[in-house]
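Data from model.cif: mmCIF, C-alpha atoms
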```
data_entry
#
loop_
_atom_site.label_atom_id
_atom_site.label_comp_id
_atom_site.auth_asym_id
_atom_site.auth_seq_id
_atom_site.Cartn_x
_atom_site.Cartn_y
_atom_site.Cartn_z
CA MET A 1198 -26.31 99.97 -144.17
CA SER A 1199 -29.57 101.62 -143.07
CA ILE A 1200 -30.77 104.51 -145.24
CA GLY A 1201 -34.15 105.19 -143.64
CA THR A 1202 -36.17 104.71 -146.84
CA PRO A 1203 -38.60 101.76 -146.62
CA LEU A 1204 -38.72 99.79 -149.86
CA SER A 1205 -40.71 96.83 -148.60
CA GLY A 1206 -42.36 95.00 -151.47
CA GLN A 1207 -40.70 97.15 -154.11
CA ARG A 1208 -38.51 95.84 -156.90
CA VAL A 1209 -35.20 97.66 -157.40
CA VAL A 1210 -32.91 97.01 -160.36
CA VAL A 1211 -29.21 97.76 -159.81
CA VAL A 1212 -27.17 97.89 -163.02
CA GLY A 1213 -23.49 97.62 -162.21
CA ALA A 1214 -24.23 95.57 -159.10
CA GLY A 1215 -20.84 93.89 -159.35
CA SER A 1216 -19.02 97.17 -158.70
CA ARG A 1217 -18.20 98.48 -155.24
CA THR A 1218 -20.76 101.27 -155.43
CA GLY A 1219 -23.41 99.08 -157.03
CA ARG A 1220 -22.86 96.47 -154.33
CA ALA A 1221 -23.35 99.09 -151.59
CA ILE A 1222 -26.60 100.27 -153.19
CA ALA A 1223 -27.88 96.71 -153.58
CA ARG A 1224 -27.11 95.93 -149.94
CA ALA A 1225 -28.92 99.06 -148.77
CA ALA A 1226 -31.95 98.37 -150.94
CA SER A 1227 -32.13 94.80 -149.70
CA SER A 1228 -31.85 95.95 -146.08
CA ALA A 1229 -34.72 98.36 -146.73
CA GLY A 1230 -36.94 95.48 -147.81
CA ALA A 1231 -36.61 95.60 -151.59
CA ARG A 1232 -36.49 92.65 -153.93
CA VAL A 1233 -33.31 93.39 -155.84
CA VAL A 1234 -32.43 92.58 -159.44
CA LEU A 1235 -28.65 92.49 -159.86
CA ALA A 1236 -27.48 93.29 -163.39
CA GLY A 1237 -24.12 93.55 -165.10
CA PRO A 1238 -21.80 91.80 -167.55
CA ASP A 1239 -20.03 89.47 -165.09
CA PRO A 1240 -22.32 86.90 -163.43
CA ARG A 1241 -19.59 85.88 -160.96
CA LYS A 1242 -19.46 89.39 -159.47
CA LEU A 1243 -23.25 89.55 -159.39
CA GLU A 1244 -23.44 86.25 -157.50
CA TRP A 1245 -20.90 87.63 -155.03
CA THR A 1246 -23.17 90.62 -154.44
CA ALA A 1247 -26.23 88.34 -154.12
CA GLY A 1248 -24.46 86.43 -151.37
CA GLU A 1249 -24.17 89.63 -149.31
CA LEU A 1250 -27.87 90.56 -149.43
CA SER A 1251 -30.32 90.05 -146.59
CA GLY A 1252 -33.37 89.61 -148.81
CA PRO A 1253 -34.46 88.05 -152.09
CA SER A 1254 -32.56 88.81 -155.29
CA GLU A 1255 -32.10 87.62 -158.82
CA VAL A 1256 -29.11 87.85 -161.16
CA LEU A 1257 -29.40 88.88 -164.81
CA THR A 1258 -26.50 89.49 -167.18
CA LEU A 1259 -26.56 92.72 -169.19
CA ASP A 1260 -24.27 94.32 -171.78
CA LEU A 1261 -25.00 98.03 -172.18
CA ALA A 1262 -23.08 98.08 -175.48
CA ASP A 1263 -25.57 95.63 -177.05
CA GLU A 1264 -29.18 96.70 -177.64
CA ARG A 1265 -30.31 93.09 -178.06
CA SER A 1266 -28.92 92.34 -174.60
CA ILE A 1267 -30.83 95.32 -173.20
CA ALA A 1268 -34.06 94.23 -174.90
CA ASP A 1269 -33.68 90.69 -173.59
CA PHE A 1270 -32.95 92.09 -170.15
CA ALA A 1271 -36.12 94.19 -170.25
CA ALA A 1272 -38.17 91.12 -171.15
CA ALA A 1273 -36.65 89.16 -168.27
CA VAL A 1274 -37.09 91.93 -165.68
CA GLY A 1275 -40.78 92.66 -166.23
CA ARG A 1276 -42.37 95.23 -163.91
CA PHE A 1277 -40.21 97.07 -161.39
CA ASP A 1278 -40.20 100.22 -159.25
CA HIS A 1279 -36.73 101.76 -159.52
CA LEU A 1280 -33.60 101.31 -161.59
CA VAL A 1281 -30.17 102.55 -160.52
CA SER A 1282 -27.20 102.32 -162.88
CA THR A 1283 -23.64 102.87 -161.68
CA ALA A 1284 -22.19 101.56 -164.94
CA ALA A 1285 -18.98 103.16 -166.20
CA MET A 1286 -16.22 102.19 -168.58
CA PRO A 1287 -13.60 104.96 -168.39
CA ALA A 1288 -11.44 105.74 -171.41
CA ASN A 1289 -8.76 107.88 -169.83
CA GLY A 1290 -5.49 109.01 -171.31
CA PRO A 1291 -3.99 111.73 -173.52
CA LEU A 1292 -6.17 112.68 -176.46
CA ARG A 1293 -3.57 111.53 -178.98
CA ASP A 1294 -3.56 108.02 -177.49
CA LEU A 1295 -7.32 107.41 -177.36
CA GLU A 1296 -8.65 104.37 -179.20
CA LEU A 1297 -12.06 104.66 -180.85
CA ALA A 1298 -13.23 101.34 -179.42
CA ASP A 1299 -12.46 102.53 -175.87
CA VAL A 1300 -14.29 105.81 -176.46
CA GLN A 1301 -17.31 103.94 -177.82
CA ARG A 1302 -17.39 101.65 -174.77
CA ALA A 1303 -17.28 104.68 -172.49
CA PHE A 1304 -20.27 106.23 -174.27
CA SER A 1305 -22.13 102.91 -174.25
CA ALA A 1306 -21.84 102.65 -170.47
CA LYS A 1307 -22.64 106.27 -169.59
CA VAL A 1308 -24.82 107.66 -172.38
CA ILE A 1309 -26.09 105.22 -175.01
CA GLY A 1310 -26.73 102.44 -172.50
CA PRO A 1311 -28.84 104.64 -170.19
CA LEU A 1312 -30.74 105.95 -173.22
CA LEU A 1313 -31.52 102.39 -174.34
CA LEU A 1314 -32.42 101.30 -170.80
CA ALA A 1315 -35.03 104.05 -170.78
CA LYS A 1316 -36.21 103.07 -174.27
CA HIS A 1317 -36.77 99.43 -173.38
CA LEU A 1318 -37.76 99.69 -169.71
CA ALA A 1319 -39.72 102.94 -169.28
CA GLY A 1320 -42.99 101.16 -170.00
CA GLN A 1321 -42.35 98.66 -167.21
CA VAL A 1322 -41.83 101.11 -164.33
CA SER A 1323 -44.47 101.58 -161.65
CA GLU A 1324 -46.36 104.88 -161.46
CA SER A 1325 -44.12 106.22 -158.70
CA GLY A 1326 -40.97 104.72 -160.20
CA SER A 1327 -37.65 106.21 -161.22
CA PHE A 1328 -34.37 105.85 -163.01
CA THR A 1329 -31.17 107.06 -161.32
CA PHE A 1330 -27.91 107.14 -163.26
CA PHE A 1331 -24.36 108.01 -162.21
CA SER A 1332 -22.60 111.02 -163.70
CA GLY A 1333 -19.40 112.42 -162.15
CA VAL A 1334 -17.52 115.54 -161.09
CA ALA A 1335 -15.21 115.35 -164.13
CA ALA A 1336 -17.99 116.94 -166.20
CA TRP A 1337 -17.72 120.11 -164.09
CA ARG A 1338 -13.96 119.95 -163.51
CA PRO A 1339 -12.39 118.63 -166.73
CA ALA A 1340 -8.71 117.78 -166.62
CA PRO A 1341 -6.06 116.69 -169.12
CA ALA A 1342 -6.34 113.00 -170.06
CA ARG A 1343 -9.93 112.97 -168.76
CA THR A 1344 -11.66 114.37 -171.84
CA VAL A 1345 -13.84 111.32 -172.49
CA MET A 1346 -14.79 111.05 -168.82
CA ALA A 1347 -15.78 114.72 -168.72
CA THR A 1348 -17.79 114.45 -171.94
CA THR A 1349 -19.70 111.27 -171.07
CA ASN A 1350 -20.57 112.51 -167.59
CA GLY A 1351 -21.70 115.85 -168.99
CA ALA A 1352 -23.78 114.19 -171.69
CA LEU A 1353 -25.49 112.02 -169.09
CA ALA A 1354 -26.35 115.10 -167.02
CA PHE A 1355 -28.24 116.55 -169.99
CA LEU A 1356 -29.70 113.16 -170.93
CA VAL A 1357 -31.50 112.85 -167.59
CA GLN A 1358 -33.18 116.21 -168.18
CA ALA A 1359 -34.37 115.15 -171.63
CA LEU A 1360 -35.56 111.75 -170.41
CA ALA A 1361 -37.36 113.31 -167.44
CA VAL A 1362 -39.48 115.26 -169.94
CA GLU A 1363 -39.95 112.47 -172.49
CA ILE A 1364 -40.90 109.59 -170.22
CA ALA A 1365 -42.74 111.59 -167.54
CA PRO A 1366 -44.23 110.89 -165.05
CA VAL A 1367 -41.44 108.36 -164.57
CA ARG A 1368 -38.70 110.31 -162.79
CA VAL A 1369 -35.10 110.42 -164.05
CA ASN A 1370 -32.19 111.77 -162.03
CA ALA A 1371 -28.42 111.48 -161.75
CA VAL A 1372 -25.96 111.30 -158.89
CA SER A 1373 -22.60 112.96 -159.55
CA PRO A 1374 -19.89 111.73 -157.17
CA GLY A 1375 -16.69 113.54 -156.44
CA ILE A 1376 -13.73 111.77 -154.85
CA VAL A 1377 -15.21 108.90 -152.86
CA ASP A 1378 -13.23 106.27 -150.98
CA THR A 1379 -14.99 103.24 -152.43
CA GLY A 1380 -11.75 101.29 -152.72
CA SER A 1381 -11.13 102.40 -156.30
CA TRP A 1382 -8.12 104.42 -155.11
CA ASP A 1383 -6.46 101.46 -153.42
CA GLY A 1384 -4.24 101.01 -156.46
CA LEU A 1385 -2.31 104.08 -155.38
CA GLY A 1386 -0.81 101.99 -152.60
CA THR A 1387 1.03 104.04 -150.01
CA ASP A 1388 0.21 107.23 -151.96
CA LYS A 1389 -3.54 106.78 -151.38
CA GLU A 1390 -3.59 108.43 -147.95
CA THR A 1391 -1.62 111.42 -149.20
CA PHE A 1392 -3.90 111.80 -152.21
CA LEU A 1393 -7.12 111.63 -150.19
CA ARG A 1394 -5.75 114.00 -147.56
CA GLY A 1395 -4.92 116.53 -150.29
CA VAL A 1396 -8.43 116.22 -151.73
CA ALA A 1397 -9.96 116.81 -148.29
CA GLU A 1398 -7.82 119.88 -147.68
CA ARG A 1399 -9.00 121.49 -150.95
CA ASN A 1400 -12.61 120.41 -150.66
CA PRO A 1401 -15.12 122.86 -149.08
CA ALA A 1402 -16.51 119.96 -147.03
CA ARG A 1403 -12.95 119.21 -145.82
CA ARG A 1404 -13.33 115.48 -146.33
CA VAL A 1405 -13.63 112.87 -149.05
CA GLY A 1406 -16.81 110.96 -149.68
CA SER A 1407 -17.87 107.53 -148.45
CA PRO A 1408 -20.08 104.90 -150.10
CA ARG A 1409 -22.78 105.82 -147.58
CA ASP A 1410 -22.87 109.36 -149.00
CA LEU A 1411 -23.66 107.94 -152.44
CA VAL A 1412 -26.25 105.51 -151.11
CA LYS A 1413 -28.06 108.30 -149.27
CA ALA A 1414 -28.16 110.40 -152.46
CA VAL A 1415 -29.55 107.50 -154.49
CA PHE A 1416 -32.29 106.85 -151.97
CA TYR A 1417 -33.16 110.53 -151.80
CA ALA A 1418 -33.66 110.43 -155.58
CA ILE A 1419 -35.75 107.28 -155.25
CA ASP A 1420 -37.87 108.53 -152.35
CA ASN A 1421 -38.59 112.17 -153.26
CA SER A 1422 -41.40 112.12 -155.81
CA TYR A 1423 -40.93 115.84 -156.55
CA VAL A 1424 -37.36 115.48 -157.81
CA THR A 1425 -36.77 114.73 -161.48
CA GLY A 1426 -34.38 115.89 -164.20
CA THR A 1427 -31.91 116.71 -161.45
CA VAL A 1428 -28.21 116.06 -160.88
CA LEU A 1429 -27.39 115.50 -157.20
CA HIS A 1430 -23.78 116.58 -156.63
CA VAL A 1431 -22.21 114.40 -153.96
CA ASP A 1432 -18.73 115.87 -154.13
CA GLY A 1433 -18.27 117.91 -150.96
CA GLY A 1434 -18.19 121.01 -153.17
CA GLY A 1435 -15.22 119.59 -155.07
CA ARG A 1436 -16.48 120.95 -158.38
CA LEU A 1437 -16.19 124.45 -156.89
CA ALA A 1438 -12.71 124.19 -155.42
#
```
Please lay out the structure from this file as structure tokens.
Amino acid sequence: MSIGTPLSGQRVVVVGAGSRTGRAIARAASSAGARVVLAGPDPRKLEWTAGELSGPSEVLTLDLADERSIADFAAAVGRFDHLVSTAAMPANGPLRDLELADVQRAFSAKVIGPLLLAKHLAGQVSESGSFTFFSGVAAWRPAPARTVMATTNGALAFLVQALAVEIAPVRVNAVSPGIVDTGSWDGLGTDKETFLRGVAERNPARRVGSPRDLVKAVFYAIDNSYVTGTVLHVDGGGRLA
């Protein structure tokens, strides 16, 4: 997937590289000439991603719920240019059914983990480097049984503003996807097409998103040195509908 942003010689860390979106970002970065560090909790998924890349890569395991793991990861990574984290651990369901452990995991992936990544890695970023995290449209369009998702995504949106000030001149941004056909909706089976068609009909852009839309937003955040503390909404206007 070509994204038009040359990254030759740069080192890009992708946290959540075993996920569909993380894999797409890693492939694009590799195609653009980057040396890619693939990070996440499951080394098997990371090796799968590594096998799809056109350039050099390395695999490092990382648990965003464990600060020691993050500190060890920082020591192993060394200097780098950009970090992108797609990590998420949703805790969806009616409020009365939520388990504290699930809520804590959701915050570790979306809020506490990114905070600790910045704590341990900000001193290792190049002068023109950046962090890009993933928020989500649920923060702007909360719905029943999505309270934790809305809260974690909203907290991350404010976290990137605070980090952009605290660790400047390192840039910190977020991408906020709407409904994107990454494959995560495949579990709907035969209802998937109906669901996505309904989303497109209500969406001002009159379509759902694609992984390429997310990749382009990430690389805009990486490439534009005058963008920091910003949430890039890649939702086709879905938060407005």
Please evaluate the PyMOL selection byres ((chain A and resi 1400) around 9) against the structure above and give the resulting residues as number ranges by chain.
A: 1395-1399, 1401-1405, 1432-1438
For the point (-8.6, 115.1, -169.3) in the file's frame, write as a PyMOL selection string all residues with an atom no more than 12 Å away, counting all atoms listed in the file.
chain A and resi 1287-1295+1335-1349
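Our summary of the geometry notes that CA of Val1431 in chain A is positioned 18.9 Å from CA of Ser1327 in chain A.
Minimum distance to Arg1208 in chain A across A:Ser1251, A:Gln1321, A:Thr1427, A:Thr1379 (counting only C-alpha atoms) occurs at A:Gln1321.
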Choose the residue, out of A:Thr1218, A:Gly1426, A:Leu1257, A:Leu1243, that has the smallest atom-to-atom separation from Gly1406 in chain A; count only C-alpha atoms.
A:Thr1218
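Picked out by the PyMOL selection byres ((chain A and resi 1370) around 8) when it runs on this file: Ser1327, Phe1328, Thr1329, Phe1330, Val1357, Gln1358, Ala1361, Arg1368, Val1369, Ala1371, Val1372, Ala1418, Val1424, Thr1425, Gly1426, Thr1427, Val1428 and Leu1429 of chain A.
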Output C-alpha atoms for every residue in the selection just made, as a tab-separated table (two decimals), keeping the file's coordinate frame.
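Dumped to again-v7.tsv:
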```
chain	number	residue	atom	x	y	z
A	1327	SER	CA	-37.65	106.21	-161.22
A	1328	PHE	CA	-34.37	105.85	-163.01
A	1329	THR	CA	-31.17	107.06	-161.32
A	1330	PHE	CA	-27.91	107.14	-163.26
A	1357	VAL	CA	-31.50	112.85	-167.59
A	1358	GLN	CA	-33.18	116.21	-168.18
A	1361	ALA	CA	-37.36	113.31	-167.44
A	1368	ARG	CA	-38.70	110.31	-162.79
A	1369	VAL	CA	-35.10	110.42	-164.05
A	1371	ALA	CA	-28.42	111.48	-161.75
A	1372	VAL	CA	-25.96	111.30	-158.89
A	1418	ALA	CA	-33.66	110.43	-155.58
A	1424	VAL	CA	-37.36	115.48	-157.81
A	1425	THR	CA	-36.77	114.73	-161.48
A	1426	GLY	CA	-34.38	115.89	-164.20
A	1427	THR	CA	-31.91	116.71	-161.45
A	1428	VAL	CA	-28.21	116.06	-160.88
A	1429	LEU	CA	-27.39	115.50	-157.20
```
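Non-sequential neighbours of Val1234 in chain A (distance at most 6 Å, separation of 6 or more positions within a chain, all atoms listed in the file) are Val1210, Ser1254 and Glu1255 of chain A.
For the choices A:Gly1333, A:Pro1311, A:Gly1351, A:Gly1326, the atom-to-atom distance to Pro1374 in chain A is smallest for A:Gly1333 when using all atoms listed in the file.
CA of Lys1413 in chain A is positioned 24.7 Å from CA of Lys1389 in chain A.
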